[in-house]
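*Asks:* My structure is stored as data-v2.tsv, with TSV, C-alpha atoms.
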chain	number	residue	atom	x	y	z
S	25	MET	CA	0.00	0.00	0.00
S	26	LYS	CA	1.38	3.39	-1.01
S	27	LYS	CA	2.30	5.66	1.88
S	28	LYS	CA	0.36	8.89	2.19
S	29	THR	CA	2.39	12.05	1.62
S	30	VAL	CA	1.95	14.76	4.24
S	31	VAL	CA	3.35	18.28	4.20
S	32	VAL	CA	3.80	19.31	7.83
S	33	ALA	CA	4.03	23.05	8.48
S	34	LEU	CA	5.69	23.81	11.82
S	35	GLY	CA	4.67	27.12	13.37
S	36	ARG	CA	6.61	29.61	15.44
S	37	ASN	CA	5.92	27.72	18.69
S	38	ALA	CA	8.17	24.88	17.46
S	39	PHE	CA	11.32	27.05	17.55
S	40	GLY	CA	11.29	29.80	20.17
S	41	THR	CA	13.10	33.09	19.61
S	42	SER	CA	16.71	32.47	20.64
S	43	PHE	CA	19.45	29.87	20.02
S	44	PRO	CA	18.93	28.09	23.40
S	45	GLU	CA	15.13	28.17	23.04
S	46	GLN	CA	15.37	26.78	19.52
S	47	LYS	CA	17.61	23.88	20.59
S	48	LYS	CA	15.13	22.93	23.32
S	49	SER	CA	11.93	23.47	21.33
S	50	ILE	CA	13.13	21.61	18.25
S	51	ILE	CA	13.68	18.42	20.24
S	52	HIS	CA	10.01	18.60	21.23
S	53	ALA	CA	9.04	19.04	17.57
S	54	ALA	CA	11.31	16.16	16.53
S	55	TYR	CA	9.38	13.73	18.73
S	56	ALA	CA	6.12	14.78	17.06
S	57	ILE	CA	7.65	14.25	13.60
S	58	ALA	CA	9.08	10.86	14.66
S	59	ASP	CA	5.58	9.74	15.67
S	60	LEU	CA	4.39	10.37	12.11
S	61	VAL	CA	7.36	8.53	10.63
S	62	GLU	CA	6.48	5.54	12.84
S	63	ASP	CA	2.93	5.74	11.47
S	64	LYS	CA	4.38	5.24	7.96
S	65	TYR	CA	3.71	8.65	6.43
S	66	ARG	CA	6.02	10.20	3.84
S	67	LEU	CA	6.83	13.61	5.24
S	68	VAL	CA	7.98	16.98	3.97
S	69	ILE	CA	8.53	19.60	6.66
S	70	THR	CA	8.17	23.36	6.26
S	71	HIS	CA	8.72	25.83	9.05
S	72	SER	CA	8.40	29.37	10.34
S	73	ASN	CA	11.41	31.70	10.55
S	74	GLY	CA	9.87	34.98	11.74
S	75	PRO	CA	12.02	35.74	14.82
S	76	GLN	CA	15.11	34.14	13.25
S	77	ILE	CA	15.16	36.14	10.03
S	78	GLY	CA	14.61	39.33	12.04
S	79	MET	CA	17.49	38.44	14.33
S	80	LEU	CA	19.82	37.70	11.40
S	81	HIS	CA	18.84	40.90	9.58
S	82	GLN	CA	19.45	42.96	12.71
S	83	ALA	CA	22.79	41.26	13.40
S	84	MET	CA	24.07	41.78	9.85
S	85	THR	CA	22.88	45.40	9.84
S	86	GLU	CA	24.66	46.09	13.13
S	87	PHE	CA	27.83	44.44	11.83
S	88	SER	CA	27.84	46.66	8.74
S	89	ARG	CA	27.26	49.71	10.94
S	90	LEU	CA	30.28	48.85	13.10
S	91	ASN	CA	32.49	47.91	10.15
S	92	ASN	CA	31.84	50.11	7.12
S	93	THR	CA	33.82	47.83	4.81
S	94	TYR	CA	30.78	45.52	4.85
S	95	THR	CA	27.22	46.14	3.69
S	96	SER	CA	24.08	44.92	5.41
S	97	ALA	CA	22.76	41.57	4.12
S	98	PRO	CA	19.77	41.59	1.73
S	99	MET	CA	16.54	40.04	2.98
S	100	SER	CA	16.96	37.12	0.56
S	101	VAL	CA	20.37	36.29	2.08
S	102	CYS	CA	18.92	36.46	5.60
S	103	GLY	CA	16.18	34.08	4.45
S	104	ALA	CA	18.78	31.63	3.14
S	105	LEU	CA	20.76	31.86	6.39
S	106	SER	CA	17.66	31.17	8.46
S	107	GLN	CA	16.75	28.14	6.33
S	108	GLY	CA	20.25	26.76	6.80
S	109	TYR	CA	20.59	27.07	10.54
S	110	ILE	CA	17.00	26.10	11.40
S	111	GLY	CA	17.28	23.13	9.04
S	112	TYR	CA	20.59	22.15	10.62
S	113	ASP	CA	19.07	22.02	14.11
S	114	LEU	CA	15.84	20.38	12.96
S	115	GLN	CA	17.32	17.64	10.77
S	116	ASN	CA	19.81	16.64	13.46
S	117	ALA	CA	17.14	16.54	16.17
S	118	ILE	CA	14.83	14.41	13.99
S	119	ARG	CA	17.70	12.09	13.03
S	120	THR	CA	18.60	11.58	16.69
S	121	VAL	CA	15.05	10.79	17.79
S	122	LEU	CA	14.53	8.37	14.88
S	123	LEU	CA	17.76	6.52	15.67
S	124	GLU	CA	16.71	6.27	19.32
S	125	ARG	CA	13.61	4.44	18.05
S	126	GLY	CA	15.64	2.15	15.81
S	127	ILE	CA	14.67	3.93	12.60
S	128	PHE	CA	17.28	4.92	10.01
S	129	LYS	CA	15.94	7.52	7.60
S	130	PRO	CA	18.03	10.22	5.92
S	131	VAL	CA	16.86	13.74	6.75
S	132	SER	CA	17.85	16.58	4.39
S	133	THR	CA	17.35	20.33	4.28
S	134	ILE	CA	16.86	21.92	0.87
S	135	ILE	CA	17.68	25.62	0.58
S	136	THR	CA	14.58	26.57	-1.38
S	137	GLN	CA	13.96	29.47	-3.76
S	138	VAL	CA	10.38	30.53	-4.50
S	139	ARG	CA	9.43	32.66	-7.48
S	140	VAL	CA	7.28	35.73	-6.89
S	141	ASP	CA	5.68	38.14	-9.35
S	142	PRO	CA	7.43	41.52	-9.63
S	143	PHE	CA	3.99	43.04	-10.29
S	144	ASP	CA	2.42	41.50	-7.19
S	145	PRO	CA	0.38	44.29	-5.51
S	146	ALA	CA	2.12	43.44	-2.22
S	147	PHE	CA	5.25	45.20	-3.47
S	148	GLN	CA	3.29	48.46	-3.52
S	149	ASN	CA	1.92	47.91	-0.03
S	150	PRO	CA	4.59	46.44	2.31
S	151	THR	CA	3.20	45.34	5.68
S	152	LYS	CA	5.71	42.95	7.30
S	153	THR	CA	7.74	44.56	10.11
S	154	ILE	CA	11.34	43.35	10.26
S	155	GLY	CA	14.57	44.11	12.09
S	156	ARG	CA	15.53	46.40	14.93
S	157	VAL	CA	13.97	49.67	16.08
S	158	MET	CA	15.86	52.59	14.49
S	159	THR	CA	16.39	56.27	15.23
S	160	LYS	CA	15.00	58.98	12.94
S	161	ALA	CA	18.41	59.46	11.30
S	162	GLU	CA	18.79	55.73	10.65
S	163	ALA	CA	15.26	55.54	9.27
S	164	ASP	CA	15.95	58.45	6.91
S	165	ALA	CA	19.04	56.61	5.68
S	166	GLU	CA	16.92	53.55	4.92
S	167	LEU	CA	14.39	55.69	3.05
S	168	LYS	CA	17.21	57.07	0.89
S	169	LYS	CA	18.09	53.47	-0.06
S	170	GLY	CA	14.52	52.98	-1.30
S	171	ASN	CA	13.39	50.87	1.66
S	172	HIS	CA	10.05	51.30	3.41
S	173	ILE	CA	9.84	52.45	7.03
S	174	LYS	CA	7.10	52.39	9.66
S	175	GLU	CA	6.93	54.42	12.84
S	176	VAL	CA	6.64	52.17	15.90
S	177	LYS	CA	6.91	52.52	19.66
S	178	GLY	CA	10.39	53.81	20.44
S	179	GLY	CA	11.37	54.74	16.90
S	180	TYR	CA	11.10	53.27	13.41
S	181	GLN	CA	11.25	49.82	11.81
S	182	ARG	CA	11.67	48.61	8.29
S	183	ILE	CA	8.69	46.98	6.57
S	184	VAL	CA	8.85	44.60	3.62
S	185	SER	CA	6.36	43.13	1.17
S	186	THR	CA	4.64	39.75	1.43
S	187	PRO	CA	4.08	38.57	-2.18
S	188	LYS	CA	2.35	35.29	-3.02
S	189	PRO	CA	4.38	32.24	-4.11
S	190	ILE	CA	4.19	31.27	-7.79
S	191	ASP	CA	6.70	28.47	-8.28
S	192	ILE	CA	9.27	26.43	-6.31
S	193	TYR	CA	12.55	26.05	-8.18
S	194	GLU	CA	13.90	23.07	-6.22
S	195	ILE	CA	10.67	21.04	-6.53
S	196	ASP	CA	12.29	18.27	-8.63
S	197	ALA	CA	14.98	17.69	-6.01
S	198	ILE	CA	12.35	17.63	-3.27
S	199	LYS	CA	10.23	15.14	-5.24
S	200	ALA	CA	13.21	12.86	-5.85
S	201	LEU	CA	14.03	12.70	-2.13
S	202	VAL	CA	10.39	12.13	-1.15
S	203	GLU	CA	10.02	9.33	-3.71
S	204	ALA	CA	13.18	7.76	-2.23
S	205	ASP	CA	11.31	7.71	1.12
S	206	GLN	CA	13.61	10.27	2.70
S	207	LEU	CA	12.45	13.01	5.04
S	208	VAL	CA	12.80	16.48	3.57
S	209	ILE	CA	12.85	19.95	5.16
S	210	ALA	CA	12.10	22.60	2.53
S	211	CYS	CA	10.59	26.03	1.89
S	212	GLY	CA	11.62	27.29	5.32
S	213	GLY	CA	10.06	30.65	6.19
S	214	GLY	CA	8.04	30.59	2.97
S	215	GLY	CA	11.16	30.12	0.85
S	216	ILE	CA	13.67	32.66	-0.44
S	217	PRO	CA	11.69	35.10	-2.60
S	218	VAL	CA	13.29	35.49	-6.02
S	219	LEU	CA	12.47	37.30	-9.25
S	220	GLU	CA	13.23	35.56	-12.54
S	221	GLN	CA	15.28	37.78	-14.86
S	222	GLY	CA	16.24	35.73	-17.90
S	223	THR	CA	18.50	32.97	-16.60
S	224	VAL	CA	19.18	34.86	-13.35
S	225	LEU	CA	17.25	34.53	-10.10
S	226	LYS	CA	17.42	37.81	-8.21
S	227	GLY	CA	16.55	37.92	-4.52
S	228	ALA	CA	13.55	40.10	-3.68
S	229	SER	CA	13.31	42.34	-0.63
S	230	ALA	CA	10.31	40.49	0.75
S	231	VAL	CA	9.07	37.74	3.04
S	232	ILE	CA	6.63	35.23	1.55
S	233	GLU	CA	3.72	34.10	3.72
S	234	LYS	CA	4.96	30.68	4.87
S	235	ASP	CA	1.51	29.07	5.01
S	236	LEU	CA	0.79	29.88	1.36
S	237	THR	CA	4.16	28.42	0.35
S	238	SER	CA	3.38	25.28	2.36
S	239	GLU	CA	0.19	24.93	0.33
S	240	LYS	CA	2.05	25.54	-2.93
S	241	LEU	CA	4.55	22.83	-2.01
S	242	ALA	CA	1.81	20.38	-0.99
S	243	ASP	CA	-0.02	20.97	-4.26
S	244	MET	CA	3.11	20.58	-6.42
S	245	LEU	CA	3.94	17.33	-4.60
S	246	ASP	CA	0.32	16.16	-4.99
S	247	ALA	CA	0.31	15.46	-1.26
S	248	ASP	CA	-2.62	13.76	0.40
S	249	LEU	CA	-2.64	15.96	3.50
S	250	LEU	CA	-1.52	19.41	4.59
S	251	LEU	CA	-0.97	19.57	8.34
S	252	PHE	CA	-0.47	22.87	10.17
S	253	LEU	CA	0.98	22.33	13.65
S	254	THR	CA	0.42	25.42	15.77
S	255	GLY	CA	0.01	26.55	19.38
S	256	VAL	CA	-3.78	26.00	19.42
S	257	LYS	CA	-5.68	22.72	19.55
S	258	LYS	CA	-8.37	23.67	17.05
S	259	VAL	CA	-9.64	26.48	14.86
S	260	ALA	CA	-12.06	28.60	16.85
S	261	LEU	CA	-14.70	31.23	16.21
S	262	ASN	CA	-14.68	34.28	18.49
S	263	PHE	CA	-11.17	33.29	19.58
S	264	GLN	CA	-10.18	34.24	23.15
S	265	THR	CA	-13.63	35.57	24.03
S	266	GLU	CA	-16.40	34.20	26.25
S	267	GLN	CA	-18.17	33.07	23.06
S	268	GLU	CA	-15.21	31.04	21.78
S	269	GLU	CA	-16.35	27.97	19.79
S	270	SER	CA	-13.88	25.29	18.72
S	271	LEU	CA	-14.46	23.51	15.43
S	272	ASP	CA	-13.79	19.82	14.71
S	273	HIS	CA	-14.61	20.08	11.01
S	274	LEU	CA	-14.85	22.98	8.60
S	275	SER	CA	-16.25	22.95	5.09
S	276	VAL	CA	-14.78	25.22	2.44
S	277	GLU	CA	-18.08	27.07	2.21
S	278	ASP	CA	-18.18	27.76	5.95
S	279	ALA	CA	-14.48	28.63	6.03
S	280	ARG	CA	-15.02	31.32	3.40
S	281	LYS	CA	-18.04	32.64	5.27
S	282	TYR	CA	-16.10	32.91	8.54
S	283	MET	CA	-13.17	34.56	6.74
S	284	GLU	CA	-15.48	37.26	5.38
S	285	ALA	CA	-16.95	37.76	8.85
S	286	GLY	CA	-13.45	38.46	10.22
S	287	HIS	CA	-13.22	35.50	12.59
S	288	PHE	CA	-9.57	34.72	11.84
S	289	PRO	CA	-6.65	37.04	12.75
S	290	SER	CA	-4.71	38.14	9.67
S	291	THR	CA	-1.30	37.49	11.26
S	292	SER	CA	-1.99	33.97	12.54
S	293	MET	CA	-5.00	31.84	11.59
S	294	LEU	CA	-6.21	33.57	8.41
S	295	PRO	CA	-3.27	32.48	6.17
S	296	LYS	CA	-3.70	28.88	7.36
S	297	ILE	CA	-7.39	28.89	6.49
S	298	GLU	CA	-6.70	30.48	3.10
S	299	ALA	CA	-3.95	27.94	2.36
S	300	SER	CA	-6.19	25.05	3.45
S	301	ILE	CA	-8.98	26.19	1.15
S	302	ASN	CA	-6.56	26.51	-1.78
S	303	PHE	CA	-5.18	23.01	-1.18
S	304	VAL	CA	-8.39	21.04	-0.75
S	305	THR	CA	-10.25	22.71	-3.64
S	306	LYS	CA	-7.57	21.89	-6.24
S	307	LYS	CA	-8.15	18.13	-6.15
S	308	GLU	CA	-10.84	15.85	-4.77
S	309	GLY	CA	-9.99	13.75	-1.71
S	310	ARG	CA	-7.48	16.11	-0.14
S	311	LYS	CA	-7.62	17.21	3.49
S	312	ALA	CA	-6.02	20.00	5.49
S	313	ILE	CA	-5.75	19.82	9.27
S	314	ILE	CA	-4.93	22.57	11.77
S	315	GLY	CA	-3.97	21.45	15.26
S	316	HIS	CA	-1.48	21.60	18.12
S	317	LEU	CA	2.10	20.38	17.80
S	318	ASP	CA	1.61	18.10	20.83
S	319	ASN	CA	-1.28	16.34	19.05
S	320	ALA	CA	0.33	15.71	15.64
S	321	ARG	CA	-0.35	11.96	15.65
S	322	GLN	CA	-3.92	12.43	16.93
S	323	CYS	CA	-4.58	15.03	14.21
S	324	LEU	CA	-3.82	12.51	11.47
S	325	GLN	CA	-5.91	9.92	13.29
S	326	GLY	CA	-8.91	12.27	13.24
S	327	LEU	CA	-8.89	12.57	17.05
S	328	SER	CA	-7.74	16.18	17.35
S	329	GLY	CA	-7.45	19.41	15.41
S	330	THR	CA	-9.78	20.94	12.83
S	331	THR	CA	-10.17	19.15	9.49
S	332	ILE	CA	-10.94	21.17	6.37
S	333	MET	CA	-12.38	19.20	3.43
Starting from the file, give its structure as structure tokens.

*Replies:*
Amino acid sequence: MKKKTVVVALGRNAFGTSFPEQKKSIIHAAYAIADLVEDKYRLVITHSNGPQIGMLHQAMTEFSRLNNTYTSAPMSVCGALSQGYIGYDLQNAIRTVLLERGIFKPVSTIITQVRVDPFDPAFQNPTKTIGRVMTKAEADAELKKGNHIKEVKGGYQRIVSTPKPIDIYEIDAIKALVEADQLVIACGGGGIPVLEQGTVLKGASAVIEKDLTSEKLADMLDADLLLFLTGVKKVALNFQTEQEESLDHLSVEDARKYMEAGHFPSTSMLPKIEASINFVTKKEGRKAIIGHLDNARQCLQGLSGTTIM
């Protein structure tokens, strides 16, 4: 019997915000992934990188400020760095847990580039806050470079665009590893956003919404399931109010209705719902599940989480 292919999207709660937190949190995530390997699923892992890419961008900017022979790193480079070091920690933690259970399975991280449209409206309306809080003089310097700035508490921060993913350049390599029954970590942080200019891929000053890239990857792999592992047990209406109502199942029709009614926060649950709708409506028989990291196995058993069909 053919194994089901599952794209597992790990949220921010799987990593923490610092090196020590990440080391500790990733071990917890590795046990959840190992459970799914034991249950005979073929897995591709995607992950968040929000705090990490901000930390790297700030560190590289500070380094260039202290040593003017260097320039600050572009957002695309910071994205690549975050994919590398998160993948390094994650693949080693998963490998260790699998070996402890007597399972040998190669685990690989693919530095993944994702094509975006240069005419995406998001480039005209940047919304993603990134990096350190700056002074007025530093903010003016960024404006002169053509970057976008937002006034925040205590000063100013840079904001970047969040274009939609169009294509994944390393998809053939990912497919080959999945078909060889290896575990793959790919499209970290939504992938490195790139613009195609002839034969050249040019990094874009942007951050792709990771949940939409997870859906793009799942669709291109023709996966059976898209699993979002988050910090909440189920999708809820009227979240964190006295009228909160958790949902076991969610139809596409109802999901769209609740989206229009504003039930899902734009910075957390909304992209997951949008990605789930995109995935399940492209081919009959697909499912998307949103649930807690601690309940990964139960989510795929239909005992936890919210299933969108």

*Asks:* I'd like the contact shell of Tyr65 in chain S - 10 Å cut-off, all atoms listed in the file, skipping same-chain residues fewer than 2 positions apart - returned as a list in words.

*Replies:*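 In the requested format, the answer is Lys26, Lys27, Lys28, Thr29, Val30, Val31, Ile57, Asp59, Leu60, Val61, Glu62, Asp63, Leu67, Val68, Asp205, Leu207 and Leu324 of chain S.
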
*Asks:* Measuring atom to atom with all atoms listed in the file, identify which of S:Ser328, S:Thr93, S:Gln115, S:Ser300 is nearest to Val276 in chain S.

*Replies:*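 Closest residue, counting all atoms listed in the file: S:Ser300.
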
*Asks:* Using only C-alpha atoms, which of the listed residues (S:Gly309, S:Pro44, S:Pro150, S:Pro295) sits closest to Thr186 in chain S?

*Replies:* S:Pro150

*Asks:* How far is it from CA of Thr136 in chain S to CA of Lys199 in chain S, in Å with one decimal?

*Replies:*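 Separating CA of Thr136 in chain S from CA of Lys199 in chain S is a distance of 12.8 Å.
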
*Asks:* I need the residue nearest Leu245 in chain S from this list: S:Val184, S:Leu225, S:Ala197, S:Leu105. Use all atoms listed in the file for the distance.

*Replies:*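 Result for the nearest residue to Leu245 in chain S: S:Ala197.
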
*Asks:* For Pro189 in chain S, which of S:Ser292, S:Asn149, S:Thr237, S:Ser229 is the closest residue, counting only C-alpha atoms?

*Replies:*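 That would be S:Thr237, the residue with the smallest distance to Pro189 in chain S.
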
*Asks:* Can you pull out the residues contacting range 95-102 of chain S? Cut-off 9 Å, using all atoms listed in the file, and skip same-chain residues under 4 positions away; I want them as a list in words.

*Replies:*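 So the residues in contact are Gln76, Ile77, Gly78, Leu80, His81, Gln82, Ala83, Met84, Thr85, Glu86, Phe87, Ser88, Arg89, Asn91, Ser106, Gln107, Val184, Ile216, Pro217, Val218, Lys226, Gly227, Ala228, Ser229, Ala230 and Val231 of chain S.
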
*Asks:* Could you tell me how far CA of Ile69 in chain S lies from CA of Gln46 in chain S, in Å and to one decimal?

*Replies:*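 These two atoms are separated by 16.2 Å.
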